[in-house]
file input-v8.csv (CSV, C-alpha atoms)
chain,number,residue,atom,x,y,z
A,1,MET,CA,0.0,0.0,0.0
A,2,ASN,CA,2.8,2.4,1.0
A,3,SER,CA,4.6,1.7,-2.3
A,4,PHE,CA,1.4,2.4,-4.3
A,5,VAL,CA,1.0,5.8,-2.4
A,6,ASP,CA,4.7,6.6,-3.0
A,7,LYS,CA,4.3,5.9,-6.8
A,8,LEU,CA,1.2,8.2,-6.8
A,9,ASN,CA,3.2,10.9,-5.1
A,10,GLU,CA,6.1,10.5,-7.5
A,11,THR,CA,3.7,10.7,-10.4
A,12,ALA,CA,2.1,13.9,-9.0
A,13,THR,CA,5.5,15.4,-8.5
A,14,VAL,CA,6.5,14.6,-12.1
A,15,ASP,CA,3.2,16.1,-13.4
A,16,LYS,CA,3.8,19.3,-11.5
A,17,LYS,CA,7.3,19.6,-12.9
A,18,VAL,CA,6.1,18.9,-16.4
A,19,SER,CA,3.3,21.5,-15.9
A,20,ARG,CA,5.8,24.1,-14.6
A,21,TRP,CA,8.2,23.4,-17.5
A,22,THR,CA,5.3,23.6,-20.0
A,23,LYS,CA,4.2,27.0,-18.6
A,24,HIS,CA,7.8,28.2,-18.7
A,25,GLN,CA,8.2,27.1,-22.3
A,26,ASN,CA,4.9,28.8,-23.2
A,27,ARG,CA,6.0,32.0,-21.6
A,28,THR,CA,9.4,31.8,-23.4
A,29,ASP,CA,7.7,31.1,-26.7
A,30,GLN,CA,5.4,34.1,-26.2
A,31,LEU,CA,8.3,36.3,-25.2
A,32,MET,CA,10.3,35.3,-28.3
A,33,LYS,CA,7.2,35.8,-30.5
A,34,TRP,CA,6.7,39.3,-29.3
A,35,LEU,CA,10.4,40.0,-29.5
A,36,PHE,CA,10.4,39.0,-33.2
A,37,VAL,CA,7.2,40.9,-33.9
A,38,GLY,CA,8.6,44.0,-32.2
A,39,SER,CA,11.8,43.8,-34.2
A,40,ALA,CA,10.0,43.4,-37.4
A,41,VAL,CA,7.7,46.4,-36.6
A,42,LEU,CA,10.7,48.5,-35.6
A,43,VAL,CA,12.6,47.7,-38.8
A,44,SER,CA,9.6,48.4,-40.9
A,45,ALA,CA,8.9,51.7,-39.0
A,46,ILE,CA,12.5,52.8,-39.6
A,47,ILE,CA,12.4,52.0,-43.3
A,48,PHE,CA,9.1,53.7,-43.9
A,49,SER,CA,10.2,56.7,-41.8
A,50,ILE,CA,13.3,57.1,-44.1
A,51,ILE,CA,11.1,56.8,-47.2
A,52,ALA,CA,8.6,59.3,-45.8
A,53,PHE,CA,11.2,61.8,-44.8
A,54,VAL,CA,13.1,61.7,-48.0
A,55,GLY,CA,9.9,61.8,-50.0
A,56,MET,CA,8.3,64.7,-48.1
A,57,GLN,CA,11.6,66.7,-48.5
A,58,GLY,CA,12.0,65.7,-52.1
A,59,VAL,CA,8.5,66.6,-53.4
A,60,LYS,CA,9.1,70.2,-52.2
A,61,THR,CA,11.2,70.5,-55.3
A,62,PHE,CA,8.1,70.6,-57.4
A,63,ALA,CA,7.1,74.0,-55.8
A,64,ASP,CA,9.9,75.6,-57.9
A,65,VAL,CA,10.5,73.0,-60.7
A,66,SER,CA,7.9,71.2,-62.7
A,67,PRO,CA,8.0,67.4,-62.7
A,68,TRP,CA,8.5,67.4,-66.5
A,69,THR,CA,11.5,69.7,-66.3
A,70,PHE,CA,13.0,67.7,-63.4
A,71,PHE,CA,12.8,64.3,-65.0
A,72,PHE,CA,13.2,65.1,-68.7
A,73,SER,CA,15.5,68.1,-68.8
A,74,LYS,CA,19.3,67.6,-69.4
A,75,GLU,CA,20.3,70.8,-67.8
A,76,TRP,CA,21.7,70.7,-64.3
A,77,THR,CA,22.8,74.2,-63.4
A,78,PRO,CA,21.8,75.0,-59.8
A,79,SER,CA,23.2,78.5,-60.0
A,80,GLN,CA,20.6,79.3,-62.6
A,81,ASN,CA,17.8,77.3,-61.0
A,82,GLU,CA,18.0,74.6,-63.6
A,83,PHE,CA,17.4,71.1,-62.1
A,84,GLY,CA,17.1,68.4,-64.7
A,85,ILE,CA,18.2,64.9,-63.9
A,86,PHE,CA,17.6,63.1,-67.2
A,87,ALA,CA,21.3,62.9,-67.9
A,88,PHE,CA,21.9,61.3,-64.5
A,89,LEU,CA,19.0,58.8,-65.0
A,90,TYR,CA,20.3,57.9,-68.4
A,91,SER,CA,23.9,57.4,-67.2
A,92,THR,CA,22.7,55.4,-64.2
A,93,LEU,CA,20.7,53.0,-66.4
A,94,VAL,CA,23.4,52.6,-69.0
A,95,LEU,CA,26.1,52.0,-66.3
A,96,THR,CA,23.9,49.4,-64.5
A,97,LEU,CA,23.0,47.5,-67.7
A,98,LEU,CA,26.6,47.6,-69.0
A,99,SER,CA,28.0,46.3,-65.7
A,100,VAL,CA,25.5,43.5,-65.7
A,101,VAL,CA,26.3,42.6,-69.3
A,102,LEU,CA,30.0,42.4,-68.4
A,103,SER,CA,29.5,40.4,-65.2
A,104,VAL,CA,26.7,37.9,-66.0
A,105,PRO,CA,28.6,35.7,-68.5
A,106,LEU,CA,31.6,35.4,-66.1
A,107,ALA,CA,29.4,34.8,-63.1
A,108,LEU,CA,27.3,32.1,-64.7
A,109,SER,CA,30.4,30.4,-66.1
A,110,GLY,CA,32.0,30.4,-62.7
A,111,ALA,CA,28.8,29.2,-61.0
A,112,MET,CA,28.4,26.3,-63.4
A,113,PHE,CA,32.1,25.4,-63.1
A,114,MET,CA,32.0,25.3,-59.3
A,115,ALA,CA,28.6,23.6,-59.1
A,116,LYS,CA,29.0,20.8,-61.7
A,117,ILE,CA,32.6,20.6,-63.1
A,118,ALA,CA,35.2,21.6,-60.5
A,119,PRO,CA,36.6,18.9,-58.1
A,120,LYS,CA,35.6,19.3,-54.5
A,121,TRP,CA,39.0,20.6,-53.4
A,122,VAL,CA,38.9,23.3,-56.1
A,123,ARG,CA,35.5,24.4,-55.0
A,124,GLU,CA,36.5,24.6,-51.4
A,125,ILE,CA,39.3,27.0,-52.4
A,126,MET,CA,37.4,29.1,-55.0
A,127,ARG,CA,34.1,29.7,-53.1
A,128,PRO,CA,35.8,31.4,-50.1
A,129,ALA,CA,38.1,33.3,-52.5
A,130,THR,CA,35.0,34.5,-54.4
A,131,ASP,CA,33.2,35.5,-51.2
A,132,LEU,CA,36.3,37.5,-50.2
A,133,PHE,CA,35.6,40.0,-53.0
A,134,VAL,CA,32.4,41.0,-51.2
A,135,GLY,CA,34.3,42.2,-48.2
A,136,ILE,CA,36.7,44.5,-50.1
A,137,PRO,CA,35.7,48.2,-49.5
A,138,SER,CA,34.4,50.0,-52.5
A,139,VAL,CA,37.0,52.7,-52.2
A,140,VAL,CA,39.7,50.0,-52.8
A,141,TYR,CA,38.0,49.1,-56.1
A,142,GLY,CA,37.8,52.8,-57.0
A,143,LEU,CA,41.5,53.3,-56.2
A,144,ILE,CA,42.4,50.4,-58.5
A,145,GLY,CA,40.2,51.8,-61.2
A,146,LEU,CA,41.7,55.3,-60.8
A,147,THR,CA,45.3,54.1,-60.9
A,148,VAL,CA,45.1,51.2,-63.3
A,149,ILE,CA,42.0,51.1,-65.5
A,150,VAL,CA,41.5,54.8,-66.2
A,151,PRO,CA,45.2,55.3,-67.3
A,152,MET,CA,45.1,52.1,-69.4
A,153,LEU,CA,41.9,53.2,-71.2
A,154,ALA,CA,43.3,56.7,-71.7
A,155,LYS,CA,46.5,55.4,-73.3
A,156,THR,CA,44.6,52.8,-75.4
A,157,THR,CA,41.8,55.1,-76.7
A,158,GLY,CA,43.5,58.5,-76.6
A,159,THR,CA,40.7,59.9,-74.4
A,160,ILE,CA,40.7,61.1,-70.8
A,161,GLY,CA,39.9,57.6,-69.6
A,162,TYR,CA,37.1,58.6,-67.3
A,163,GLY,CA,33.5,57.7,-68.1
A,164,ILE,CA,30.9,54.9,-68.0
A,165,LEU,CA,33.2,52.2,-69.3
A,166,PRO,CA,35.8,52.2,-66.4
A,167,ALA,CA,32.9,52.5,-63.9
A,168,ALA,CA,31.1,49.5,-65.5
A,169,ILE,CA,34.3,47.4,-65.4
A,170,ILE,CA,34.7,48.2,-61.7
A,171,LEU,CA,31.0,47.5,-60.9
A,172,ALA,CA,31.1,44.2,-62.9
A,173,ILE,CA,33.9,43.0,-60.7
A,174,MET,CA,32.1,44.2,-57.6
A,175,ILE,CA,28.7,42.5,-58.4
A,176,LEU,CA,30.3,39.3,-59.8
A,177,PRO,CA,30.6,37.5,-56.4
A,178,THR,CA,26.9,38.2,-55.6
A,179,ILE,CA,25.6,36.8,-58.9
A,180,LEU,CA,28.1,33.9,-58.8
A,181,SER,CA,27.2,32.8,-55.3
A,182,ILE,CA,23.5,32.9,-55.7
A,183,SER,CA,23.6,31.2,-59.1
A,184,GLU,CA,25.8,28.5,-57.8
A,185,ASP,CA,23.5,27.8,-54.9
A,186,ALA,CA,20.5,27.7,-57.3
A,187,ILE,CA,22.3,25.2,-59.6
A,188,ARG,CA,23.4,23.0,-56.7
A,189,ALA,CA,19.9,23.0,-55.3
A,190,LEU,CA,18.5,21.3,-58.4
A,191,PRO,CA,17.5,17.6,-58.0
A,192,GLY,CA,20.1,15.2,-59.4
A,193,ARG,CA,17.5,13.4,-61.4
A,194,LEU,CA,17.4,16.2,-63.9
A,195,GLU,CA,21.0,15.8,-64.9
A,196,GLU,CA,20.8,12.0,-64.7
A,197,ALA,CA,17.7,11.9,-67.0
A,198,SER,CA,19.3,14.2,-69.5
A,199,LEU,CA,22.5,12.2,-69.7
A,200,ALA,CA,20.5,8.9,-69.9
A,201,LEU,CA,18.6,10.2,-72.9
A,202,GLY,CA,21.9,10.7,-74.7
A,203,ALA,CA,22.6,14.4,-74.2
A,204,THR,CA,26.1,15.6,-73.9
A,205,ARG,CA,27.4,17.3,-70.7
A,206,TRP,CA,27.3,20.7,-72.4
A,207,GLN,CA,23.7,20.1,-73.7
A,208,THR,CA,22.6,19.1,-70.2
A,209,ILE,CA,24.1,22.3,-68.7
A,210,TRP,CA,22.8,24.6,-71.4
A,211,ARG,CA,19.3,23.1,-72.0
A,212,VAL,CA,18.4,21.5,-68.7
A,213,LEU,CA,20.3,22.9,-65.7
A,214,LEU,CA,20.4,26.6,-66.6
A,215,PRO,CA,16.7,26.8,-67.5
A,216,ALA,CA,15.8,24.9,-64.3
A,217,ALA,CA,17.9,27.3,-62.2
A,218,ARG,CA,16.6,30.4,-63.9
A,219,PRO,CA,14.6,31.8,-61.0
A,220,GLY,CA,17.6,31.7,-58.7
A,221,ILE,CA,19.9,33.1,-61.4
A,222,ILE,CA,17.5,36.0,-62.1
A,223,THR,CA,17.4,36.7,-58.3
A,224,GLY,CA,21.2,37.0,-58.3
A,225,ILE,CA,21.2,39.2,-61.3
A,226,ILE,CA,18.6,41.6,-59.8
A,227,LEU,CA,20.5,41.7,-56.5
A,228,GLY,CA,23.7,42.6,-58.4
A,229,MET,CA,21.8,45.3,-60.3
A,230,GLY,CA,20.6,46.7,-56.9
A,231,ARG,CA,24.2,46.9,-55.7
A,232,ALA,CA,25.4,48.5,-59.0
A,233,ILE,CA,22.7,51.2,-58.9
A,234,GLY,CA,23.5,52.1,-55.3
A,235,GLU,CA,27.2,52.0,-55.5
A,236,THR,CA,28.8,55.5,-55.0
A,237,MET,CA,32.4,55.8,-54.0
A,238,ALA,CA,34.0,53.5,-56.6
A,239,VAL,CA,31.9,55.1,-59.4
A,240,PHE,CA,32.6,58.6,-58.1
A,241,MET,CA,36.4,58.0,-58.5
A,242,VAL,CA,36.4,56.9,-62.1
A,243,ILE,CA,33.3,58.3,-63.9
A,244,GLY,CA,34.5,61.9,-64.2
A,245,ASN,CA,31.5,63.6,-62.4
A,246,SER,CA,30.6,66.1,-65.2
A,247,PRO,CA,26.8,66.9,-65.1
A,248,GLN,CA,26.2,66.2,-68.8
A,249,MET,CA,24.7,63.7,-71.1
A,250,PRO,CA,27.5,61.3,-72.2
A,251,GLY,CA,28.2,61.1,-75.9
A,252,SER,CA,30.2,57.9,-75.5
A,253,LEU,CA,31.3,55.4,-72.9
A,254,LEU,CA,34.6,57.3,-72.4
A,255,GLU,CA,33.1,60.7,-71.8
A,256,SER,CA,32.9,62.2,-68.3
A,257,THR,CA,29.4,62.1,-66.8
A,258,THR,CA,27.5,61.7,-63.5
A,259,VAL,CA,25.0,59.2,-62.1
A,260,LEU,CA,22.4,59.7,-59.4
A,261,THR,CA,24.5,58.5,-56.5
A,262,THR,CA,27.6,60.5,-57.4
A,263,ALA,CA,25.5,63.6,-58.1
A,264,ILE,CA,24.1,63.5,-54.6
A,265,VAL,CA,27.5,63.0,-53.0
A,266,LYS,CA,29.2,65.7,-55.1
A,267,ASP,CA,26.5,68.4,-54.4
A,268,MET,CA,25.2,67.6,-50.9
A,269,GLY,CA,28.0,69.5,-49.2
A,270,ASN,CA,27.4,72.6,-51.2
A,271,THR,CA,23.7,73.1,-50.4
A,272,ASN,CA,21.8,74.6,-47.6
A,273,TYR,CA,18.9,72.6,-46.1
A,274,GLY,CA,15.5,73.5,-47.4
A,275,THR,CA,16.7,75.1,-50.6
A,276,THR,CA,15.5,74.0,-54.0
A,277,TRP,CA,18.9,72.5,-54.8
A,278,ASN,CA,18.9,70.5,-51.5
A,279,ASN,CA,15.3,69.4,-52.1
A,280,ALA,CA,16.3,68.2,-55.6
A,281,LEU,CA,19.0,66.0,-54.1
A,282,TYR,CA,16.5,64.5,-51.7
A,283,LEU,CA,14.2,63.8,-54.7
A,284,MET,CA,17.0,62.1,-56.5
A,285,ALA,CA,17.5,59.9,-53.4
A,286,LEU,CA,13.8,59.1,-53.5
A,287,VAL,CA,14.1,58.0,-57.1
A,288,LEU,CA,17.0,55.6,-56.0
A,289,LEU,CA,14.9,54.2,-53.2
A,290,LEU,CA,11.9,53.6,-55.5
A,291,ILE,CA,14.2,51.8,-58.0
A,292,SER,CA,15.6,49.6,-55.2
A,293,LEU,CA,12.1,48.8,-53.9
A,294,SER,CA,11.1,47.9,-57.5
A,295,LEU,CA,14.0,45.5,-57.7
A,296,ILE,CA,13.0,43.9,-54.4
A,297,ILE,CA,9.4,43.5,-55.6
A,298,ILE,CA,10.7,41.8,-58.8
A,299,ILE,CA,12.7,39.4,-56.7
A,300,ARG,CA,9.6,38.5,-54.6
A,301,PHE,CA,7.6,38.0,-57.8
A,302,VAL,CA,10.2,35.7,-59.4
A,303,ALA,CA,10.6,33.7,-56.1
A,304,LYS,CA,6.8,33.4,-55.9
A,305,ARG,CA,6.5,32.1,-59.4
A,306,SER,CA,9.3,29.6,-58.7
A,307,GLU,CA,7.4,28.3,-55.6
A,308,VAL,CA,4.2,27.9,-57.6
A,309,LYS,CA,5.9,25.9,-60.3
call {"tool": "encode", "arguments": {"input": "input-v8.csv", "output": "structure tokens"}}
result
Amino acid sequence: MNSFVDKLNETATVDKKVSRWTKHQNRTDQLMKWLFVGSAVLVSAIIFSIIAFVGMQGVKTFADVSPWTFFFSKEWTPSQNEFGIFAFLYSTLVLTLLSVVLSVPLALSGAMFMAKIAPKWVREIMRPATDLFVGIPSVVYGLIGLTVIVPMLAKTTGTIGYGILPAAIILAIMILPTILSISEDAIRALPGRLEEASLALGATRWQTIWRVLLPAARPGIITGIILGMGRAIGETMAVFMVIGNSPQMPGSLLESTTVLTTAIVKDMGNTNYGTTWNNALYLMALVLLLISLSLIIIIRFVAKRSEVK
């Protein structure tokens, strides 16, 4: 009888301990839940506050400059109250597209080599070496471009050497690790049965890579390219050092010009807060923010389509 009572007491004690542990876990789970929710709300509030502040300050430009003049005029002469950013927008788009064109073939080739061709020991060396490029400060890239690429282009072409082309070469090197890493992960994530089925049907290794693996990994590759474009659009210091910084529409790839980011950096220190010139720079920053948000939305759309498939 005593042993039966002792067992009942032990069982009750265990139940109490389990109950206390369960309550403690529930409290911990609730605490972590609200911590994550609070962090998400805080980050969202900060982001929207930045967008709201930049937007509210930027739209004040339209009190003195019409939207048509601001976006489609090529004249940027603040001393004469001429604020047209078409040349900056044009140079930004050309620079971004050219850097992507230069970077994507190398990035995809490197991603396919490391994912499907390179031995394991080679991949273990190349992947960290590739990731190392991401950590190099942009000013270092700009210094190399200023001391090596610009003089080389000037000597080769007989021009000043500054312009969109040297900036595109520098940006292509800077965004290459991003595109390469994401593309490699996308290729390595493909199920092995795709490659096995293609080879079993008689396709060569190159045909399998070109017609099976690359199309199957397209969503991840597009995501990497868009992220690379986002970095190229937002890059400032490296571009500032090699593009020439003349506020004009470029007639060639080796003619000094300015993009949105470098125009903001170059002029911000010369303006007074609240002036039309200062407000125009804020509006240019808002344009950059909207472009970045558009790229993020495109990434989400591509990822969603990939999940549906």
call {"tool": "closest_atom_pairs", "arguments": {"input": "input-v8.csv", "of": "stretch 121-148 of chain A", "to": "stretch 239-262 of chain A", "cutoff": "9 Å", "atoms": "only C-alpha atoms", "output": "tab-separated table"}}
result
residue	atom	partner	partner_atom	distance
A:Ser138	CA	A:Val239	CA	8.9
A:Val139	CA	A:Met241	CA	8.3
A:Gly142	CA	A:Met241	CA	5.6
A:Leu143	CA	A:Met241	CA	7.3
A:Gly145	CA	A:Val242	CA	6.4
A:Leu146	CA	A:Val242	CA	5.7
call {"tool": "residues_around", "arguments": {"input": "input-v8.csv", "residues": "A:Asp131", "least_positions_apart": "6", "cutoff": "10 Å", "atoms": "all atoms listed in the file", "output": "PyMOL selection string"}}
result
chain A and resi 176-178+180-181
call {"tool": "closest_residue", "arguments": {"input": "input-v8.csv", "among": "A:Leu171, A:Ile222, A:Ala285, A:Ala216", "to": "A:Met237", "atoms": "only C-alpha atoms"}}
result
A:Leu171
call {"tool": "atom_distance", "arguments": {"input": "input-v8.csv", "atom1": "atom CA of A:Val150", "atom2": "atom CA of A:Ile226"}}
result
27.2 Å
call {"tool": "closest_residue", "arguments": {"input": "input-v8.csv", "among": "A:Thr61, A:Thr236, A:Thr147, A:Thr69", "to": "A:Thr92", "atoms": "all atoms listed in the file"}}
result
A:Thr236
call {"tool": "atom_distance", "arguments": {"input": "input-v8.csv", "atom1": "atom CA of A:Ala189", "atom2": "atom CA of A:Ala115"}}
result
9.5 Å
call {"tool": "atom_distance", "arguments": {"input": "input-v8.csv", "atom1": "atom CA of A:Leu42", "atom2": "atom CA of A:Thr28"}}
result
20.7 Å
call {"tool": "closest_residue", "arguments": {"input": "input-v8.csv", "among": "A:Leu289, A:Ile221, A:Val65, A:Val104", "to": "A:Ser183", "atoms": "only C-alpha atoms"}}
result
A:Ile221
call {"tool": "closest_residue", "arguments": {"input": "input-v8.csv", "among": "A:Phe301, A:Ala87, A:Ala45, A:Tyr162", "to": "A:Gly220", "atoms": "all atoms listed in the file"}}
result
A:Phe301
call {"tool": "closest_residue", "arguments": {"input": "input-v8.csv", "among": "A:Gly58, A:Gly163, A:Gly38, A:Pro215", "to": "A:Leu194", "atoms": "all atoms listed in the file"}}
result
A:Pro215
call {"tool": "closest_residue", "arguments": {"input": "input-v8.csv", "among": "A:Ile125, A:Pro137, A:Trp68, A:Ala172", "to": "A:Leu106", "atoms": "only C-alpha atoms"}}
result
A:Ala172
